[in-house]
>>> print(open('data_30.pdb').read())   # PDB, C-alpha atoms
ATOM      1  CA  MET A   1     -88.359   4.245  79.604
ATOM      2  CA  PRO A   2     -91.117   2.874  77.565
ATOM      3  CA  LYS A   3     -90.267  -0.236  75.642
ATOM      4  CA  LYS A   4     -91.320   1.333  72.324
ATOM      5  CA  LEU A   5     -88.997   4.326  72.772
ATOM      6  CA  LEU A   6     -86.072   2.081  73.620
ATOM      7  CA  THR A   7     -86.618   0.114  70.407
ATOM      8  CA  VAL A   8     -86.615   3.332  68.300
ATOM      9  CA  LEU A   9     -83.357   4.605  69.861
ATOM     10  CA  LEU A  10     -81.633   1.268  69.313
ATOM     11  CA  ALA A  11     -82.682   1.230  65.647
ATOM     12  CA  ALA A  12     -81.380   4.757  65.161
ATOM     13  CA  PHE A  13     -78.013   3.839  66.682
ATOM     14  CA  LEU A  14     -77.652   0.799  64.443
ATOM     15  CA  LEU A  15     -78.534   2.851  61.356
ATOM     16  CA  SER A  16     -75.917   5.469  62.250
ATOM     17  CA  GLY A  17     -73.279   2.772  62.640
ATOM     18  CA  CYS A  18     -74.036   1.226  59.309
ATOM     19  CA  VAL A  19     -73.644   4.546  57.559
ATOM     20  CA  SER A  20     -70.265   5.160  59.243
ATOM     21  CA  ILE A  21     -68.987   1.771  58.215
ATOM     22  CA  SER A  22     -70.204   2.377  54.691
ATOM     23  CA  LYS A  23     -68.231   5.650  54.454
ATOM     24  CA  ALA A  24     -65.059   3.994  55.670
ATOM     25  CA  ASP A  25     -65.309   1.267  53.015
ATOM     26  CA  THR A  26     -65.939   3.599  50.091
ATOM     27  CA  SER A  27     -63.538   6.437  50.868
ATOM     28  CA  PRO A  28     -60.127   6.193  49.078
ATOM     29  CA  THR A  29     -57.133   5.683  51.333
ATOM     30  CA  ALA A  30     -54.894   7.875  49.138
ATOM     31  CA  PRO A  31     -55.478  11.229  47.397
ATOM     32  CA  LEU A  32     -56.700  11.131  43.806
ATOM     33  CA  PHE A  33     -53.998  13.480  42.426
ATOM     34  CA  VAL A  34     -50.502  12.403  41.310
ATOM     35  CA  THR A  35     -47.605  13.591  43.409
ATOM     36  CA  SER A  36     -43.933  13.852  42.505
ATOM     37  CA  THR A  37     -43.249  10.664  44.397
ATOM     38  CA  LEU A  38     -45.282   8.563  41.981
ATOM     39  CA  PRO A  39     -43.739   7.025  38.854
ATOM     40  CA  PRO A  40     -44.328   9.030  35.685
ATOM     41  CA  THR A  41     -47.255   8.127  33.503
ATOM     42  CA  ASN A  42     -44.976   7.252  30.510
ATOM     43  CA  THR A  43     -42.047   4.912  31.011
ATOM     44  CA  PRO A  44     -38.860   6.616  29.732
ATOM     45  CA  ARG A  45     -37.587   5.124  26.438
ATOM     46  CA  ALA A  46     -34.037   4.700  25.244
ATOM     47  CA  SER A  47     -32.615   7.787  23.563
ATOM     48  CA  MET A  48     -33.681   8.056  19.928
ATOM     49  CA  THR A  49     -30.513   9.960  19.005
ATOM     50  CA  PRO A  50     -28.381   7.641  16.820
ATOM     51  CA  PRO A  51     -24.831   7.011  17.973
ATOM     52  CA  PRO A  52     -22.082   8.773  16.031
ATOM     53  CA  PRO A  53     -20.868   6.812  13.003
ATOM     54  CA  THR A  54     -17.979   4.509  13.682
ATOM     55  CA  SER A  55     -14.849   5.294  11.703
ATOM     56  CA  ALA A  56     -13.668   2.533   9.408
ATOM     57  CA  SER A  57     -10.285   2.721  11.087
ATOM     58  CA  THR A  58     -11.821   1.711  14.418
ATOM     59  CA  LEU A  59     -13.847  -1.254  13.164
ATOM     60  CA  SER A  60     -12.728  -4.559  14.580
ATOM     61  CA  ILE A  61     -12.077  -6.997  11.748
ATOM     62  CA  THR A  62     -10.709 -10.423  12.498
ATOM     63  CA  ALA A  63      -8.267 -11.919  10.031
ATOM     64  CA  ALA A  64      -9.187 -15.325   8.671
ATOM     65  CA  PRO A  65      -6.962 -18.223   9.776
ATOM     66  CA  ASN A  66      -3.925 -18.681   7.537
ATOM     67  CA  CYS A  67      -4.637 -15.479   5.592
ATOM     68  CA  LYS A  68      -1.798 -14.148   3.432
ATOM     69  CA  ASP A  69      -0.160 -10.731   3.563
ATOM     70  CA  LYS A  70       0.693  -9.228   0.152
ATOM     71  CA  ALA A  71       1.015  -5.689  -1.137
ATOM     72  CA  VAL A  72       1.970  -3.764  -4.252
ATOM     73  CA  LEU A  73       2.812  -0.135  -4.861
ATOM     74  CA  ILE A  74       0.218   1.382  -7.196
ATOM     75  CA  GLN A  75       1.615   4.878  -7.650
ATOM     76  CA  ASP A  76       3.267   7.922  -6.129
ATOM     77  CA  VAL A  77       0.372  10.212  -5.226
ATOM     78  CA  THR A  78       2.645  13.148  -4.379
ATOM     79  CA  ILE A  79       6.328  13.948  -4.965
ATOM     80  CA  ALA A  80       7.219  11.772  -7.944
ATOM     81  CA  ASP A  81      10.776  10.439  -7.942
ATOM     82  CA  GLY A  82      13.197  13.206  -8.921
ATOM     83  CA  THR A  83      10.909  16.077  -7.849
ATOM     84  CA  ASN A  84      12.908  19.214  -7.085
ATOM     85  CA  VAL A  85      12.108  20.445  -3.581
ATOM     86  CA  PRO A  86      13.301  23.819  -2.206
ATOM     87  CA  ARG A  87      16.087  23.673   0.365
ATOM     88  CA  GLY A  88      14.833  23.116   3.907
ATOM     89  CA  SER A  89      11.147  23.084   2.930
ATOM     90  CA  LYS A  90       8.581  20.766   4.459
ATOM     91  CA  PHE A  91       6.632  18.402   2.206
ATOM     92  CA  VAL A  92       4.354  15.377   2.406
ATOM     93  CA  LYS A  93       5.159  12.211   0.513
ATOM     94  CA  THR A  94       2.141  10.000  -0.238
ATOM     95  CA  TRP A  95       2.145   6.537  -1.795
ATOM     96  CA  GLN A  96      -0.843   4.476  -2.870
ATOM     97  CA  LEU A  97      -0.587   0.825  -1.879
ATOM     98  CA  GLN A  98      -2.933  -2.044  -2.615
ATOM     99  CA  ASN A  99      -3.704  -4.912  -0.253
ATOM    100  CA  THR A 100      -3.352  -7.836  -2.660
ATOM    101  CA  GLY A 101      -3.399 -10.450   0.089
ATOM    102  CA  THR A 102      -6.272 -11.886   2.109
ATOM    103  CA  CYS A 103      -5.481 -10.374   5.522
ATOM    104  CA  PRO A 104      -7.140  -7.071   6.455
ATOM    105  CA  TRP A 105      -4.622  -4.397   7.374
ATOM    106  CA  THR A 106      -5.430  -3.401  10.937
ATOM    107  CA  GLY A 107      -2.714  -1.814  13.051
ATOM    108  CA  TYR A 108      -0.261  -1.751  10.137
ATOM    109  CA  ALA A 109       2.344   0.975   9.676
ATOM    110  CA  ILE A 110       5.061   2.199   7.354
ATOM    111  CA  ALA A 111       8.533   2.591   8.816
ATOM    112  CA  PHE A 112      11.711   4.397   7.794
ATOM    113  CA  VAL A 113      14.492   1.834   7.344
ATOM    114  CA  SER A 114      17.481   3.398   5.572
ATOM    115  CA  GLY A 115      18.856   6.131   3.332
ATOM    116  CA  ASP A 116      18.244   9.829   3.846
ATOM    117  CA  ARG A 117      15.824  10.327   6.738
ATOM    118  CA  MET A 118      14.767  13.881   5.842
ATOM    119  CA  SER A 119      13.273  14.294   9.353
ATOM    120  CA  SER A 120      11.018  11.277   8.844
ATOM    121  CA  PRO A 121       9.332   9.802  11.935
ATOM    122  CA  ASP A 122      10.241   6.220  12.772
ATOM    123  CA  THR A 123       6.762   5.011  11.800
ATOM    124  CA  ALA A 124       3.471   6.327  10.412
ATOM    125  CA  PRO A 125       0.111   4.526  10.720
ATOM    126  CA  VAL A 126      -1.631   2.904   7.764
ATOM    127  CA  PRO A 127      -5.434   3.323   7.698
ATOM    128  CA  GLN A 128      -7.352   0.075   8.016
ATOM    129  CA  THR A 129      -7.508  -1.547   4.574
ATOM    130  CA  LEU A 130      -9.543  -4.561   3.521
ATOM    131  CA  ALA A 131      -8.204  -7.209   1.141
ATOM    132  CA  GLY A 132      -8.264  -6.028  -2.462
ATOM    133  CA  LYS A 133      -8.568  -2.348  -1.537
ATOM    134  CA  THR A 134      -6.111   0.531  -2.041
ATOM    135  CA  VAL A 135      -4.966   2.991   0.588
ATOM    136  CA  ASP A 136      -2.946   6.219   0.622
ATOM    137  CA  VAL A 137      -0.130   6.333   3.183
ATOM    138  CA  SER A 138       1.791   9.511   3.938
ATOM    139  CA  VAL A 139       4.784  10.761   5.867
ATOM    140  CA  ASP A 140       5.860  14.324   6.717
ATOM    141  CA  LEU A 141       9.387  15.141   5.557
ATOM    142  CA  THR A 142      11.808  18.071   5.358
ATOM    143  CA  ALA A 143      14.178  18.621   2.451
ATOM    144  CA  PRO A 144      17.896  18.918   3.289
ATOM    145  CA  SER A 145      19.511  22.357   3.078
ATOM    146  CA  ILE A 146      22.353  21.207   0.801
ATOM    147  CA  ASP A 147      21.971  20.657  -2.952
ATOM    148  CA  GLY A 148      21.945  17.062  -4.074
ATOM    149  CA  THR A 149      19.855  13.940  -4.689
ATOM    150  CA  TYR A 150      18.306  12.245  -1.677
ATOM    151  CA  THR A 151      16.550   8.898  -1.214
ATOM    152  CA  GLY A 152      14.753   7.540   1.843
ATOM    153  CA  PHE A 153      13.633   3.910   2.046
ATOM    154  CA  PHE A 154      10.504   2.703   3.849
ATOM    155  CA  GLU A 155       8.832  -0.632   4.495
ATOM    156  CA  LEU A 156       5.307  -1.806   5.289
ATOM    157  CA  ARG A 157       4.882  -3.637   8.607
ATOM    158  CA  ASN A 158       1.993  -5.691   9.920
ATOM    159  CA  ALA A 159       0.484  -5.393  13.395
ATOM    160  CA  ASN A 160       3.265  -7.612  14.780
ATOM    161  CA  GLY A 161       5.964  -5.359  13.336
ATOM    162  CA  GLN A 162       6.948  -7.838  10.626
ATOM    163  CA  PRO A 163       7.880  -6.299   7.236
ATOM    164  CA  LEU A 164       5.823  -7.126   4.145
ATOM    165  CA  PRO A 165       7.323  -7.214   0.644
ATOM    166  CA  ILE A 166       5.936  -4.678  -1.819
ATOM    167  CA  GLY A 167       5.444  -6.832  -4.884
ATOM    168  CA  ILE A 168       8.908  -8.315  -5.215
ATOM    169  CA  GLU A 169      10.662  -5.394  -3.539
ATOM    170  CA  LYS A 170      11.518  -5.275   0.143
ATOM    171  CA  ASN A 171      10.676  -1.594   0.433
ATOM    172  CA  PHE A 172       9.560   1.565  -1.328
ATOM    173  CA  TRP A 173      11.121   5.001  -1.351
ATOM    174  CA  VAL A 174      11.003   8.746  -1.751
ATOM    175  CA  LYS A 175      13.549  10.340  -4.115
ATOM    176  CA  ILE A 176      13.987  14.096  -4.387
ATOM    177  CA  THR A 177      16.495  16.592  -5.664
ATOM    178  CA  VAL A 178      17.466  19.802  -3.903
ATOM    179  CA  GLY A 179      18.914  22.731  -5.783
ATOM    180  CA  THR A 180      20.459  22.297  -9.235
ATOM    181  CA  VAL A 181      20.948  18.631 -10.118
ATOM    182  CA  THR A 182      21.170  17.203 -13.638
ATOM    183  CA  ILE A 183      18.744  14.321 -14.289
ATOM    184  CA  PRO A 184      19.372  12.302 -17.491
ATOM    185  CA  ALA A 185      16.588  11.863 -20.009
ATOM    186  CA  THR A 186      14.830   8.530 -20.207
ATOM    187  CA  LEU A 187      12.744   6.301 -22.414
ATOM    188  CA  PRO A 188       9.038   7.076 -22.269
ATOM    189  CA  PRO A 189       7.243   4.366 -20.249
ATOM    190  CA  GLY A 190       5.783   1.656 -22.480
ATOM    191  CA  THR A 191       7.741   2.601 -25.598
ATOM    192  CA  PRO A 192       6.570   0.111 -28.263
ATOM    193  CA  VAL A 193       9.379  -1.579 -30.205
ATOM    194  CA  SER A 194       9.548  -4.333 -32.799
ATOM    195  CA  GLY A 195      11.492  -7.497 -32.102
ATOM    196  CA  GLY A 196      14.539  -8.948 -33.813
ATOM    197  CA  THR A 197      16.292  -5.751 -34.939
ATOM    198  CA  PRO A 198      18.505  -3.183 -33.208
ATOM    199  CA  GLY A 199      16.576  -0.292 -31.697
ATOM    200  CA  VAL A 200      17.539   3.235 -30.730
ATOM    201  CA  ALA A 201      16.242   4.787 -27.534
ATOM    202  CA  PRO A 202      14.831   8.110 -28.799
ATOM    203  CA  THR A 203      15.286  10.038 -25.533
ATOM    204  CA  GLY A 204      17.759   7.826 -23.700
ATOM    205  CA  PRO A 205      21.520   8.230 -23.376
ATOM    206  CA  LEU A 206      23.292   9.494 -26.467
ATOM    207  CA  SER A 207      23.672   6.738 -29.094
ATOM    208  CA  CYS A 208      22.128   4.036 -26.899
ATOM    209  CA  LYS A 209      21.585   1.095 -29.206
ATOM    210  CA  TYR A 210      19.967  -2.018 -27.838
ATOM    211  CA  VAL A 211      19.326  -5.381 -29.455
ATOM    212  CA  LEU A 212      15.976  -7.123 -29.169
ATOM    213  CA  SER A 213      15.163 -10.815 -29.431
ATOM    214  CA  SER A 214      12.282 -12.265 -31.369
ATOM    215  CA  SER A 215      12.414 -15.544 -29.404
ATOM    216  CA  TYR A 216      13.351 -14.728 -25.775
ATOM    217  CA  PRO A 217       9.989 -13.184 -24.753
ATOM    218  CA  ARG A 218       8.135 -16.172 -26.207
ATOM    219  CA  GLU A 219      10.477 -18.623 -24.419
ATOM    220  CA  ILE A 220       9.853 -16.886 -21.088
ATOM    221  CA  ALA A 221       6.091 -16.974 -21.611
ATOM    222  CA  ASN A 222       6.232 -20.684 -22.495
ATOM    223  CA  LEU A 223       8.278 -21.493 -19.383
ATOM    224  CA  ILE A 224       5.829 -19.588 -17.200
ATOM    225  CA  ASN A 225       2.795 -21.309 -18.677
ATOM    226  CA  SER A 226       4.459 -24.714 -18.364
ATOM    227  CA  ALA A 227       5.033 -24.110 -14.643
ATOM    228  CA  ARG A 228       1.438 -22.970 -14.227
ATOM    229  CA  ALA A 229       0.156 -26.090 -15.974
ATOM    230  CA  GLN A 230       2.164 -28.284 -13.596
ATOM    231  CA  ALA A 231       0.569 -26.396 -10.699
ATOM    232  CA  GLY A 232      -2.914 -26.938 -12.138
ATOM    233  CA  LEU A 233      -3.314 -23.296 -13.171
ATOM    234  CA  PRO A 234      -4.586 -21.954 -16.500
ATOM    235  CA  ALA A 235      -2.148 -20.538 -19.044
ATOM    236  CA  LEU A 236      -1.653 -16.788 -19.299
ATOM    237  CA  ALA A 237      -2.673 -15.051 -22.508
ATOM    238  CA  ILE A 238      -0.126 -12.751 -24.165
ATOM    239  CA  ASP A 239      -1.294  -9.126 -23.979
ATOM    240  CA  SER A 240       0.263  -6.604 -26.378
ATOM    241  CA  GLN A 241      -0.060  -3.665 -23.974
ATOM    242  CA  LEU A 242       1.576  -5.527 -21.098
ATOM    243  CA  ALA A 243       4.273  -6.598 -23.579
ATOM    244  CA  ALA A 244       4.824  -2.974 -24.650
ATOM    245  CA  ALA A 245       5.253  -1.876 -21.032
ATOM    246  CA  ALA A 246       7.629  -4.785 -20.357
ATOM    247  CA  GLN A 247       9.675  -4.064 -23.454
ATOM    248  CA  GLY A 248       9.884  -0.364 -22.654
ATOM    249  CA  HIS A 249      11.245  -1.103 -19.194
ATOM    250  CA  SER A 250      13.760  -3.682 -20.443
ATOM    251  CA  SER A 251      15.040  -1.158 -22.993
ATOM    252  CA  ASP A 252      15.232   1.522 -20.309
ATOM    253  CA  MET A 253      17.196  -0.742 -17.957
ATOM    254  CA  ALA A 254      19.569  -1.794 -20.725
ATOM    255  CA  CYS A 255      20.244   1.768 -21.878
ATOM    256  CA  PHE A 256      20.787   3.109 -18.369
ATOM    257  CA  SER A 257      22.593  -0.001 -17.112
ATOM    258  CA  LEU A 258      20.252  -0.399 -14.153
ATOM    259  CA  LEU A 259      18.353  -3.285 -12.596
ATOM    260  CA  SER A 260      15.375  -1.828 -10.785
ATOM    261  CA  HIS A 261      11.593  -1.757 -10.783
ATOM    262  CA  SER A 262      11.893   2.020 -10.727
ATOM    263  CA  GLY A 263      12.508   3.424 -14.198
ATOM    264  CA  SER A 264      15.339   5.838 -14.926
ATOM    265  CA  ASN A 265      12.768   8.635 -14.674
ATOM    266  CA  GLY A 266      11.356   7.243 -11.420
ATOM    267  CA  SER A 267       8.347   5.553 -13.049
ATOM    268  CA  THR A 268       6.632   2.677 -11.237
ATOM    269  CA  PRO A 269       5.520  -0.593 -12.875
ATOM    270  CA  TYR A 270       1.888   0.445 -12.468
ATOM    271  CA  ALA A 271       2.530   3.800 -14.133
ATOM    272  CA  ARG A 272       4.285   2.162 -17.085
ATOM    273  CA  VAL A 273       1.514  -0.385 -17.595
ATOM    274  CA  SER A 274      -1.112   2.359 -17.430
ATOM    275  CA  ALA A 275       0.853   4.500 -19.884
ATOM    276  CA  ALA A 276       0.873   1.559 -22.310
ATOM    277  CA  GLY A 277      -2.938   1.654 -22.263
ATOM    278  CA  TYR A 278      -3.579  -1.472 -20.207
ATOM    279  CA  THR A 279      -7.018  -1.233 -18.551
ATOM    280  CA  GLY A 280      -7.122  -4.584 -16.751
ATOM    281  CA  LYS A 281      -6.189  -5.149 -13.131
ATOM    282  CA  TYR A 282      -2.433  -4.894 -12.791
ATOM    283  CA  ARG A 283      -0.855  -7.624 -10.686
ATOM    284  CA  GLN A 284       2.964  -7.629 -10.543
ATOM    285  CA  GLU A 285       6.256  -7.180 -12.369
ATOM    286  CA  ILE A 286       9.337  -9.395 -12.198
ATOM    287  CA  ILE A 287      12.743  -8.593 -13.708
ATOM    288  CA  TYR A 288      16.094 -10.289 -14.280
ATOM    289  CA  ALA A 289      19.408  -9.331 -15.866
ATOM    290  CA  GLY A 290      22.083 -11.441 -17.563
ATOM    291  CA  GLY A 291      22.020 -14.918 -19.084
ATOM    292  CA  TYR A 292      19.307 -16.653 -21.067
ATOM    293  CA  PRO A 293      15.560 -17.226 -20.595
ATOM    294  CA  GLN A 294      16.103 -20.475 -18.678
ATOM    295  CA  ASP A 295      18.538 -18.701 -16.325
ATOM    296  CA  ALA A 296      15.982 -16.013 -15.589
ATOM    297  CA  PHE A 297      13.172 -18.523 -15.085
ATOM    298  CA  ASP A 298      15.233 -20.788 -12.793
ATOM    299  CA  TRP A 299      16.216 -17.832 -10.631
ATOM    300  CA  TRP A 300      12.606 -16.669 -10.334
ATOM    301  CA  MET A 301      11.326 -20.127  -9.422
ATOM    302  CA  ASN A 302      13.989 -20.481  -6.720
ATOM    303  CA  ASP A 303      12.856 -17.271  -5.021
ATOM    304  CA  GLN A 304       9.513 -17.575  -3.223
ATOM    305  CA  ILE A 305       8.257 -14.052  -3.973
ATOM    306  CA  HIS A 306       8.978 -14.379  -7.704
ATOM    307  CA  LYS A 307       7.588 -17.909  -7.786
ATOM    308  CA  ASP A 308       4.368 -16.651  -6.180
ATOM    309  CA  ALA A 309       4.070 -14.023  -8.914
ATOM    310  CA  ILE A 310       4.449 -16.655 -11.644
ATOM    311  CA  LEU A 311       1.913 -18.958  -9.979
ATOM    312  CA  ASP A 312      -0.539 -16.247  -8.971
ATOM    313  CA  PRO A 313      -3.988 -17.782  -9.643
ATOM    314  CA  SER A 314      -5.566 -14.344 -10.084
ATOM    315  CA  ALA A 315      -3.350 -13.431 -13.065
ATOM    316  CA  THR A 316      -4.771 -14.115 -16.522
ATOM    317  CA  GLU A 317      -2.439 -12.201 -18.898
ATOM    318  CA  VAL A 318       1.249 -11.593 -19.343
ATOM    319  CA  GLY A 319       3.657  -9.448 -21.338
ATOM    320  CA  VAL A 320       7.412 -10.069 -21.678
ATOM    321  CA  GLY A 321      10.219  -7.752 -22.780
ATOM    322  CA  TYR A 322      13.943  -8.189 -23.414
ATOM    323  CA  ALA A 323      16.745  -5.828 -24.440
ATOM    324  CA  TYR A 324      20.512  -6.262 -24.720
ATOM    325  CA  VAL A 325      23.301  -3.666 -24.558
ATOM    326  CA  SER A 326      26.788  -5.161 -24.772
ATOM    327  CA  ASP A 327      28.557  -2.571 -22.603
ATOM    328  CA  SER A 328      25.857  -2.386 -19.899
ATOM    329  CA  ALA A 329      26.361  -3.818 -16.421
ATOM    330  CA  TYR A 330      24.463  -7.076 -17.107
ATOM    331  CA  GLY A 331      24.095  -7.300 -20.884
ATOM    332  CA  GLY A 332      20.530  -8.578 -21.269
ATOM    333  CA  TYR A 333      17.500  -7.391 -19.269
ATOM    334  CA  PHE A 334      14.202  -9.293 -18.886
ATOM    335  CA  THR A 335      10.881  -7.831 -17.736
ATOM    336  CA  VAL A 336       7.583  -9.666 -17.172
ATOM    337  CA  GLU A 337       4.302  -7.873 -16.453
ATOM    338  CA  PHE A 338       1.317  -9.797 -15.064
ATOM    339  CA  GLY A 339      -2.277  -8.590 -15.302
ATOM    340  CA  ALA A 340      -5.894  -9.738 -15.168
ATOM    341  CA  ARG A 341      -9.121  -8.862 -16.975
TER     342      ARG A 341
END
>>> encode(input="data_30.pdb", output="structure tokens")
Amino acid sequence: MPKKLLTVLLAAFLLSGCVSISKADTSPTAPLFVTSTLPPTNTPRASMTPPPPTSASTLSITAAPNCKDKAVLIQDVTIADGTNVPRGSKFVKTWQLQNTGTCPWTGYAIAFVSGDRMSSPDTAPVPQTLAGKTVDVSVDLTAPSIDGTYTGFFELRNANGQPLPIGIEKNFWVKITVGTVTIPATLPPGTPVSGGTPGVAPTGPLSCKYVLSSSYPREIANLINSARAQAGLPALAIDSQLAAAAQGHSSDMACFSLLSHSGSNGSTPYARVSAAGYTGKYRQEIIYAGGYPQDAFDWWMNDQIHKDAILDPSATEVGVGYAYVSDSAYGGYFTVEFGAR
């Protein structure tokens, strides 16, 4: 073969090889389309749907160290004391309580403790309630089938099952009548009276005459403010509306010969204070029967619950009432109402 031809063939072979190598370097090793095995173009995001709202009753609230448990009964929301309920009928009793302590109520309950059960469950849950807030608590009941007056007593318990006082009471209650039962008339809550002269209860027992004192309410107020001063607390101002509610309840207790925070018509302290026109924040009521102002004050100060009411730093006002009926069970009856503006 001629030398020139051999050189041309060798050049052609080398050129063919270079082209082949070039194609191998520039061709993609994978197809240019996306298959189902490749990750999606957009990375999935977290769901944008908001979670359902969390119920207040399921919120986890931790009580502060050394917080205090306190409560008061504000009012009967349903079935006022003395309500006539048909024989054997079902009804719901609802109370409104206020958390006047510093501990949040989580896992609390009301429990039947004594009296007429009226098919009450052993316990009923209390919705979670923050300090300073009110809450409605209810229980399903059934009226007895026999005519009469029935009372069931309940208490408030914390998450550990320990009972809490309601103001200065150990419990609260439901009172109903079934069938035909005679309920005596009563003094209107907050009946205003003047001091120092005999008074007549206009709608109380027949010929109920009670004696007032122009000095006893002032003595009680002075003793309370003296104790507060010793504890480094400000004095309480005398409020005429709180005084009217206190006097009305003292007169009611004296005329009906009873010693109770529940009036003869089933009224609560809160209801009586409201009826007297008081618009401040109601705090508590304390009562005593028999003896003199110093006797009442000494007894209160020797009982922790009553002492706490007297030395409550959140109270700013007070009203005091006193009435005496010679043939009543205790003679004289004291009432003190505490409030705040």
>>> resolve_selection(input="data_30.pdb", expression="the PyMOL selection byres ((chain A and resi 165) around 8)", output="list in words")
Lys70, Ala71, Glu155, Leu156, Pro163, Leu164, Ile166, Gly167, Ile168, Glu169, Lys170 and Asn171 of chain A
>>> atom_distance(input="data_30.pdb", atom1="atom CA of A:Ala235", atom2="atom CA of A:Ile305")
19.4 Å
>>> resolve_selection(input="data_30.pdb", expression="the PyMOL selection byres ((chain A and resi 94-99) around 8)", output="list in words")
Asp69, Lys70, Ala71, Val72, Leu73, Ile74, Gln75, Asp76, Val77, Thr78, Ile79, Val92, Lys93, Thr100, Gly101, Thr102, Pro104, Trp105, Thr129, Leu130, Ala131, Gly132, Lys133, Thr134, Val135, Asp136, Val137, Ser138 and Val139 of chain A
>>> residues_around(input="data_30.pdb", residues="A:Thr268", least_positions_apart="2", cutoff="10 Å", atoms="only C-alpha atoms", output="ChimeraX atom specification")
/A:73-76,80-81,189,249,260-266,270-274,285
>>> closest_residue(input="data_30.pdb", among="A:Thr106, A:Ser328, A:Gln284, A:Ser114", to="A:Asp308", atoms="only C-alpha atoms")
A:Gln284
>>> atom_distance(input="data_30.pdb", atom1="atom CA of A:Tyr150", atom2="atom CA of A:Ser257")
20.2 Å
>>> closest_residue(input="data_30.pdb", among="A:Val178, A:Ala109, A:Leu141, A:Cys208", to="A:Arg157", atoms="all atoms listed in the file")
A:Ala109
>>> resolve_selection(input="data_30.pdb", expression="the PyMOL selection byres ((chain A and resi 219) around 12)", output="tab-separated table (two decimals) with C-alpha atoms, keeping the file's coordinate frame")
chain	number	residue	atom	x	y	z
A	213	SER	CA	15.16	-10.82	-29.43
A	214	SER	CA	12.28	-12.26	-31.37
A	215	SER	CA	12.41	-15.54	-29.40
A	216	TYR	CA	13.35	-14.73	-25.78
A	217	PRO	CA	9.99	-13.18	-24.75
A	218	ARG	CA	8.14	-16.17	-26.21
A	220	ILE	CA	9.85	-16.89	-21.09
A	221	ALA	CA	6.09	-16.97	-21.61
A	222	ASN	CA	6.23	-20.68	-22.50
A	223	LEU	CA	8.28	-21.49	-19.38
A	224	ILE	CA	5.83	-19.59	-17.20
A	225	ASN	CA	2.80	-21.31	-18.68
A	226	SER	CA	4.46	-24.71	-18.36
A	292	TYR	CA	19.31	-16.65	-21.07
A	293	PRO	CA	15.56	-17.23	-20.60
A	294	GLN	CA	16.10	-20.48	-18.68
A	295	ASP	CA	18.54	-18.70	-16.32
A	296	ALA	CA	15.98	-16.01	-15.59
A	297	PHE	CA	13.17	-18.52	-15.08
A	319	GLY	CA	3.66	-9.45	-21.34
A	320	VAL	CA	7.41	-10.07	-21.68
A	321	GLY	CA	10.22	-7.75	-22.78
A	322	TYR	CA	13.94	-8.19	-23.41
A	334	PHE	CA	14.20	-9.29	-18.89
A	336	VAL	CA	7.58	-9.67	-17.17
>>> atom_distance(input="data_30.pdb", atom1="atom CA of A:Ser267", atom2="atom CA of A:Ser119")
24.5 Å
>>> closest_residue(input="data_30.pdb", among="A:Ala245, A:Met118, A:Leu258, A:Ala323", to="A:Phe338", atoms="all atoms listed in the file")
A:Ala245
>>> residues_near_point(input="data_30.pdb", point="(10.8, 3.9, 3.3)", cutoff="10 Å", atoms="all atoms listed in the file", output="list in words")
Ile110, Ala111, Phe112, Val113, Ser114, Gly115, Asp116, Arg117, Ser120, Asp122, Thr123, Val139, Thr151, Gly152, Phe153, Phe154, Glu155, Leu156, Lys170, Asn171, Phe172, Trp173 and Val174 of chain A
>>> closest_residue(input="data_30.pdb", among="A:Pro125, A:Gly277, A:Gly290, A:Gly107", to="A:Gly332", atoms="all atoms listed in the file")
A:Gly290
>>> closest_residue(input="data_30.pdb", among="A:Asn158, A:Thr62, A:Thr149, A:Thr142", to="A:Pro127", atoms="all atoms listed in the file")
A:Asn158
>>> closest_residue(input="data_30.pdb", among="A:Ser326, A:Ala276, A:Asp312, A:Ala237", to="A:Tyr210", atoms="all atoms listed in the file")
A:Ser326
>>> residues_around(input="data_30.pdb", residues="A:Asn84", least_positions_apart="6", cutoff="12 Å", atoms="only C-alpha atoms", output="CSV table (one decimal) with C-alpha atoms, in the frame of the given file")
chain,number,residue,atom,x,y,z
A,91,PHE,CA,6.6,18.4,2.2
A,143,ALA,CA,14.2,18.6,2.5
A,144,PRO,CA,17.9,18.9,3.3
A,147,ASP,CA,22.0,20.7,-3.0
A,148,GLY,CA,21.9,17.1,-4.1
A,149,THR,CA,19.9,13.9,-4.7
A,150,TYR,CA,18.3,12.2,-1.7
A,174,VAL,CA,11.0,8.7,-1.8
A,175,LYS,CA,13.5,10.3,-4.1
A,176,ILE,CA,14.0,14.1,-4.4
A,177,THR,CA,16.5,16.6,-5.7
A,178,VAL,CA,17.5,19.8,-3.9
A,179,GLY,CA,18.9,22.7,-5.8
A,180,THR,CA,20.5,22.3,-9.2
A,181,VAL,CA,20.9,18.6,-10.1
A,182,THR,CA,21.2,17.2,-13.6
A,183,ILE,CA,18.7,14.3,-14.3
